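Engineer: Next comes the structure file model.txt, holding compact mmCIF, C-alpha atoms.
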# COMPACT_ATOMS: atom_id res chain seq x y z
CA MET A 887 9.37 9.52 110.66
CA ARG A 888 9.38 11.13 114.10
CA ARG A 889 13.12 11.56 113.77
CA LEU A 890 12.55 13.71 110.70
CA ALA A 891 9.53 15.58 112.04
CA ILE A 892 11.22 17.21 115.02
CA PRO A 893 14.01 18.92 113.05
CA LEU A 894 11.45 19.98 110.43
CA ILE A 895 9.21 21.57 113.06
CA ALA A 896 12.20 23.28 114.63
CA LEU A 897 13.27 24.62 111.25
CA LEU A 898 9.74 25.88 110.60
CA LEU A 899 9.62 27.68 113.94
CA VAL A 900 12.98 29.33 113.35
CA SER A 901 12.02 30.47 109.85
CA CYS A 902 8.74 31.94 111.13
CA GLY A 903 10.42 33.81 113.98
CA PRO A 904 11.13 37.54 114.08
CA LYS A 905 13.50 38.77 111.38
CA ASN A 906 16.23 41.29 111.98
CA PRO A 907 14.58 44.67 111.34
CA ILE A 908 15.94 46.81 108.54
CA PRO A 909 17.98 49.63 110.09
CA THR A 910 15.98 52.84 109.97
CA THR A 911 16.43 56.40 111.06
CA GLN A 912 13.89 58.89 112.33
CA GLN A 913 13.17 61.44 109.65
CA THR A 914 13.91 65.07 110.32
CA SER A 915 12.05 67.96 108.72
CA LEU A 916 15.06 68.56 106.49
CA GLN A 917 14.99 64.96 105.29
CA ARG A 918 11.26 65.10 104.65
CA VAL A 919 11.64 68.27 102.59
CA ILE A 920 14.38 66.62 100.55
CA VAL A 921 12.16 63.61 99.82
CA LEU A 922 9.13 65.77 99.02
CA ASN A 923 11.25 67.98 96.77
CA ALA A 924 12.17 64.88 94.79
CA ALA A 925 8.44 64.23 94.42
CA VAL A 926 7.97 67.82 93.18
CA ALA A 927 10.70 67.37 90.58
CA LYS A 928 9.30 64.04 89.44
CA ALA A 929 5.72 65.31 89.20
CA ASN A 930 6.91 68.43 87.40
CA LEU A 931 8.79 66.40 84.83
CA ALA A 932 5.56 64.47 84.25
CA LEU A 933 3.69 67.77 83.81
CA THR A 934 6.21 68.88 81.19
CA GLN A 935 5.93 65.61 79.30
CA THR A 936 2.14 65.63 79.51
CA ALA A 937 1.91 69.14 78.07
CA GLN A 938 4.22 68.26 75.20
CA THR A 939 2.35 65.04 74.46
CA LEU A 940 -1.00 66.84 74.43
CA ASN A 941 0.45 69.47 72.11
CA THR A 942 1.81 66.86 69.72
CA SER A 943 -1.57 65.12 69.62
CA GLY A 944 -3.32 68.40 68.86
CA VAL A 945 -5.20 68.71 72.15
CA LEU A 946 -3.29 71.79 73.31
CA THR A 947 -2.48 74.78 71.12
CA VAL A 948 1.00 76.24 71.12
CA PRO A 949 0.00 79.21 73.36
CA GLN A 950 -1.76 76.86 75.81
CA THR A 951 1.26 74.59 75.92
CA ARG A 952 3.55 77.56 76.40
CA THR A 953 1.47 78.63 79.41
CA VAL A 954 1.80 75.20 81.05
CA LEU A 955 5.50 74.89 80.27
CA THR A 956 6.12 78.33 81.77
CA ILE A 957 4.57 77.08 85.02
CA SER A 958 6.71 73.94 84.76
CA LEU A 959 9.82 76.05 84.13
CA HIS A 960 9.28 78.07 87.31
CA VAL A 961 8.56 74.93 89.34
CA ALA A 962 11.78 73.31 88.10
CA GLN A 963 13.80 76.40 89.00
CA THR A 964 12.21 76.58 92.45
CA SER A 965 12.75 72.89 93.06
CA ASP A 966 16.39 73.30 92.13
CA THR A 967 16.70 76.24 94.52
CA ILE A 968 15.28 74.04 97.29
CA ARG A 969 17.72 71.28 96.37
CA VAL A 970 20.63 73.67 96.77
CA LEU A 971 19.27 75.06 100.04
CA THR A 972 18.72 71.61 101.54
CA SER A 973 22.02 70.14 100.44
CA GLY A 974 24.21 72.96 101.74
CA PRO A 975 25.33 73.92 105.23
CA GLY A 976 23.08 75.87 107.56
CA ASP A 977 20.70 75.27 110.42
CA TRP A 978 17.11 74.20 109.88
CA PRO A 979 15.47 77.58 110.68
CA SER A 980 17.51 79.37 108.04
CA ILE A 981 16.93 76.59 105.50
CA ALA A 982 13.19 76.63 106.25
CA ALA A 983 13.11 80.41 105.79
CA GLY A 984 14.88 80.08 102.44
CA VAL A 985 12.50 77.37 101.26
CA THR A 986 9.49 79.44 102.36
CA LYS A 987 10.75 82.44 100.39
CA ALA A 988 11.36 80.29 97.30
CA LEU A 989 7.82 78.88 97.46
CA ASN A 990 6.31 82.32 98.01
CA ASP A 991 8.23 83.66 95.02
CA LEU A 992 6.92 80.76 92.93
CA GLY A 993 3.28 81.61 93.75
CA LEU A 994 2.12 78.33 92.25
CA THR A 995 -1.55 78.60 93.19
CA ALA A 996 -1.91 81.97 91.48
CA ARG A 997 -0.13 80.69 88.38
CA ILE A 998 -2.38 77.65 88.14
CA THR A 999 -5.52 79.74 88.64
CA ALA A 1000 -4.42 82.21 85.99
CA ALA A 1001 -3.72 79.39 83.53
CA GLY A 1002 -7.36 78.20 83.72
CA LEU A 1003 -6.53 74.60 82.86
CA THR A 1004 -9.46 72.41 81.84
CA ASN A 1005 -7.88 69.31 80.32
CA GLN A 1006 -8.25 66.46 82.83
CA GLN A 1007 -4.81 65.00 82.21
CA LEU A 1008 -3.18 68.38 82.70
CA VAL A 1009 -5.23 69.09 85.81
CA ALA A 1010 -4.16 65.74 87.30
CA ALA A 1011 -0.52 66.43 86.47
CA VAL A 1012 -0.55 69.95 87.89
CA ASN A 1013 -2.40 68.74 91.01
CA GLY A 1014 0.45 66.32 91.63
CA VAL A 1015 2.94 69.18 91.58
CA ALA A 1016 0.73 71.40 93.73
CA ALA A 1017 0.17 68.67 96.31
CA ALA A 1018 3.88 68.03 96.74
CA VAL A 1019 4.56 71.77 96.97
CA ALA A 1020 1.83 72.11 99.60
CA LEU A 1021 3.42 69.39 101.72
CA ILE A 1022 6.77 71.16 101.61
CA GLN A 1023 5.04 74.38 102.67
CA ALA A 1024 3.43 72.54 105.58
CA GLU A 1025 6.77 71.03 106.61
CA VAL A 1026 8.62 74.35 106.68
CA SER A 1027 5.73 76.04 108.50
CA ARG A 1028 5.88 73.73 111.51
CA MET B 1185 -3.59 66.13 102.79
CA SER B 1186 -2.08 62.80 103.72
CA LEU B 1187 1.01 61.34 102.15
CA ALA B 1188 -1.08 58.48 100.77
CA ILE B 1189 -3.31 60.92 98.89
CA LEU B 1190 -0.27 62.78 97.62
CA ILE B 1191 1.27 59.59 96.33
CA ASN B 1192 -1.98 58.60 94.63
CA ILE B 1193 -2.15 61.98 92.92
CA ILE B 1194 1.45 61.84 91.80
CA THR B 1195 1.14 58.26 90.64
CA SER B 1196 -2.00 59.02 88.62
CA ALA B 1197 -0.30 62.02 87.08
CA LEU B 1198 2.75 59.97 86.26
CA GLN B 1199 0.75 57.29 84.51
CA LEU B 1200 1.02 59.77 81.68
CA ALA B 1201 4.77 59.44 81.86
CA PRO B 1202 5.53 55.74 82.29
CA LEU B 1203 9.30 56.21 82.21
CA ALA B 1204 9.11 58.08 85.50
CA ILE B 1205 7.28 55.36 87.37
CA SER B 1206 10.27 53.44 88.71
CA THR B 1207 11.69 56.44 90.52
CA VAL B 1208 8.30 57.42 91.87
CA ASN B 1209 7.87 53.94 93.25
CA GLY B 1210 11.12 54.44 95.11
CA ILE B 1211 9.87 57.69 96.62
CA ARG B 1212 6.53 56.11 97.45
CA ASP B 1213 8.25 53.23 99.22
CA LEU B 1214 10.27 55.66 101.31
CA LEU B 1215 7.25 57.73 102.29
CA SER B 1216 5.04 54.74 102.99
CA LYS B 1217 7.39 53.71 105.78
CA ASP B 1218 7.07 57.11 107.42
CA PRO B 1219 8.16 58.12 110.01
CA HIS B 1220 10.88 55.50 110.31
CA VAL B 1221 12.45 55.53 106.90
CA PRO B 1222 15.90 54.67 105.65
CA VAL B 1223 16.42 57.89 103.73
CA GLU B 1224 19.11 57.66 101.09
CA LEU B 1225 19.52 61.39 100.83
CA ALA B 1226 22.34 61.50 98.32
CA ALA B 1227 20.40 59.38 95.84
CA ILE B 1228 17.24 61.44 96.36
CA LEU B 1229 19.11 64.70 95.87
CA ALA B 1230 20.64 63.31 92.71
CA SER B 1231 17.25 62.22 91.37
CA THR B 1232 15.83 65.68 92.08
CA GLU B 1233 18.65 67.28 90.16
CA THR B 1234 18.26 64.85 87.26
CA ASP B 1235 14.48 65.33 87.02
CA ASN B 1236 14.75 69.11 87.16
CA ALA B 1237 17.49 69.10 84.54
CA ALA B 1238 15.36 66.86 82.29
CA ALA B 1239 12.32 69.13 82.71
CA LEU B 1240 14.34 72.26 81.97
CA ALA B 1241 15.99 70.67 78.92
CA GLY B 1242 12.61 69.47 77.63
CA ILE B 1243 11.05 72.90 78.06
CA GLN B 1244 13.98 74.64 76.38
CA ARG B 1245 13.90 72.23 73.43
CA TRP B 1246 10.13 72.66 72.97
CA MET B 1247 10.34 76.45 73.19
CA LEU B 1248 13.02 76.48 70.48
CA GLU B 1249 10.86 74.27 68.25
CA HIS B 1250 7.80 76.47 68.84
CA PRO B 1251 8.91 80.12 68.78
CA VAL B 1252 6.54 82.89 69.85
CA GLY B 1253 4.16 83.89 67.09
CA GLN B 1254 4.08 80.47 65.51
How does this structure look as structure tokens?
Structural biologist:
Amino acid sequence: MRRLAIPLIALLLVSCGPKNPIPTTQQTSLQRVIVLNAAVAKANLALTQTAQTLNTSGVLTVPQTRTVLTISLHVAQTSDTIRVLTSGPGDWPSIAAGVTKALNDLGLTARITAAGLTNQQLVAAVNGVAAAVALIQAEVSR
Amino acid sequence: MSLAILINIITSALQLAPLAISTVNGIRDLLSKDPHVPVELAAILASTETDNAAALAGIQRWMLEHPVGQ
């Protein structure tokens, strides 16, 4: 029995020991903007789908849906502009300036305020987009 | 606003769009390991492009089905 116990204990100790860490890299601002821009695109796609679903179910009228989809359209175009900016050549200051201009041109907060959304599902969806946009703005303002 | 709050907001919004959840989980996993994250930039850029293209296509299709004045 003792003959078996020692190798078993040794095996247990080895298996509980430190594992090789997964290789990681320190994120740069550029990388963080790329990740957050993916979040913007994903949240915006959800906003689009939510608006269409609410329209189909009769919760949103056609004009109301058109208002939301117009916001979503501009967000998608801005997100694509940021994708191009962040995937091309150029130093970080010039990329950050380009992203800042794109976000200023979008004017998301003013668009959302003007839309006067009240449906809770829509508000949650648009908040997701706005939060991701705000984080990109914070990243490029550092 | 913290990344955790952002992810919660996005996740709750995306519960309305279940098909999008798997990709969001990927983004959430990346951000949750901040600041030391293995960032697969090419894949993230590709997902951004795909999501934007899907949103634009969906909007265009809906607008055609619901012309102004309808």
Engineer: Select, as a PyMOL selection string, those residues of chain A with any atom no more than 9 Å from chain B (distances computed using all atoms listed in the file).
Structural biologist: chain A and resi 908-913+917-918+920-936+938+948-949+952+955-956+958-959+961-963+965-966+969+972-973+1007-1015+1017-1018+1020-1021
Engineer: Export, as a CSV table (one decimal), in the frame of the given file, the selected residues with C-alpha atoms.
Structural biologist:
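Produced file selection06.csv, reproduced below:
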chain,number,residue,atom,x,y,z
A,908,ILE,CA,15.9,46.8,108.5
A,909,PRO,CA,18.0,49.6,110.1
A,910,THR,CA,16.0,52.8,110.0
A,911,THR,CA,16.4,56.4,111.1
A,912,GLN,CA,13.9,58.9,112.3
A,913,GLN,CA,13.2,61.4,109.6
A,917,GLN,CA,15.0,65.0,105.3
A,918,ARG,CA,11.3,65.1,104.6
A,920,ILE,CA,14.4,66.6,100.6
A,921,VAL,CA,12.2,63.6,99.8
A,922,LEU,CA,9.1,65.8,99.0
A,923,ASN,CA,11.2,68.0,96.8
A,924,ALA,CA,12.2,64.9,94.8
A,925,ALA,CA,8.4,64.2,94.4
A,926,VAL,CA,8.0,67.8,93.2
A,927,ALA,CA,10.7,67.4,90.6
A,928,LYS,CA,9.3,64.0,89.4
A,929,ALA,CA,5.7,65.3,89.2
A,930,ASN,CA,6.9,68.4,87.4
A,931,LEU,CA,8.8,66.4,84.8
A,932,ALA,CA,5.6,64.5,84.2
A,933,LEU,CA,3.7,67.8,83.8
A,934,THR,CA,6.2,68.9,81.2
A,935,GLN,CA,5.9,65.6,79.3
A,936,THR,CA,2.1,65.6,79.5
A,938,GLN,CA,4.2,68.3,75.2
A,948,VAL,CA,1.0,76.2,71.1
A,949,PRO,CA,0.0,79.2,73.4
A,952,ARG,CA,3.6,77.6,76.4
A,955,LEU,CA,5.5,74.9,80.3
A,956,THR,CA,6.1,78.3,81.8
A,958,SER,CA,6.7,73.9,84.8
A,959,LEU,CA,9.8,76.0,84.1
A,961,VAL,CA,8.6,74.9,89.3
A,962,ALA,CA,11.8,73.3,88.1
A,963,GLN,CA,13.8,76.4,89.0
A,965,SER,CA,12.8,72.9,93.1
A,966,ASP,CA,16.4,73.3,92.1
A,969,ARG,CA,17.7,71.3,96.4
A,972,THR,CA,18.7,71.6,101.5
A,973,SER,CA,22.0,70.1,100.4
A,1007,GLN,CA,-4.8,65.0,82.2
A,1008,LEU,CA,-3.2,68.4,82.7
A,1009,VAL,CA,-5.2,69.1,85.8
A,1010,ALA,CA,-4.2,65.7,87.3
A,1011,ALA,CA,-0.5,66.4,86.5
A,1012,VAL,CA,-0.6,70.0,87.9
A,1013,ASN,CA,-2.4,68.7,91.0
A,1014,GLY,CA,0.4,66.3,91.6
A,1015,VAL,CA,2.9,69.2,91.6
A,1017,ALA,CA,0.2,68.7,96.3
A,1018,ALA,CA,3.9,68.0,96.7
A,1020,ALA,CA,1.8,72.1,99.6
A,1021,LEU,CA,3.4,69.4,101.7
Engineer: Ranking A:Asn1005, A:Gly974, A:Gln1023, A:Ala988 by minimum distance to A:Val945 and counting only C-alpha atoms, which one comes first?
Structural biologist: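 Once distances to A:Val945 are computed over only C-alpha atoms, the minimum belongs to A:Asn1005.
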Engineer: Distance atom CA of A:Ala1024-atom CA of A:Asp991, one decimal place?
Structural biologist: 16.1 Å
Engineer: Please return, as an MDAnalysis selection string, all polymer residues that have at least one atom within 10 Å of the point (13.2, 73.1, 108.5); use all atoms listed in the file and the file's own coordinate frame.
Structural biologist: chainID A and resid 914:919 972 977:986 1022 1025:1028
Engineer: Output C-alpha atoms for every residue in the selection just made, as a short mmCIF file (atom, residue, chain, number, x, y, z; two decimals), in the coordinates of the input.
Structural biologist:
data_model
loop_
_atom_site.label_atom_id
_atom_site.label_comp_id
_atom_site.auth_asym_id
_atom_site.auth_seq_id
_atom_site.Cartn_x
_atom_site.Cartn_y
_atom_site.Cartn_z
CA THR A 914 13.91 65.07 110.32
CA SER A 915 12.05 67.96 108.72
CA LEU A 916 15.06 68.56 106.49
CA GLN A 917 14.99 64.96 105.29
CA ARG A 918 11.26 65.10 104.65
CA VAL A 919 11.64 68.27 102.59
CA THR A 972 18.72 71.61 101.54
CA ASP A 977 20.70 75.27 110.42
CA TRP A 978 17.11 74.20 109.88
CA PRO A 979 15.47 77.58 110.68
CA SER A 980 17.51 79.37 108.04
CA ILE A 981 16.93 76.59 105.50
CA ALA A 982 13.19 76.63 106.25
CA ALA A 983 13.11 80.41 105.79
CA GLY A 984 14.88 80.08 102.44
CA VAL A 985 12.50 77.37 101.26
CA THR A 986 9.49 79.44 102.36
CA ILE A 1022 6.77 71.16 101.61
CA GLU A 1025 6.77 71.03 106.61
CA VAL A 1026 8.62 74.35 106.68
CA SER A 1027 5.73 76.04 108.50
CA ARG A 1028 5.88 73.73 111.51
#
Engineer: Would you mind reading off the distance between atom CA of A:Gln950 and atom CA of B:Glu1249, one decimal, in Å?
Structural biologist: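 One can read the atom CA of A:Gln950 to atom CA of B:Glu1249 distance as 14.9 Å.
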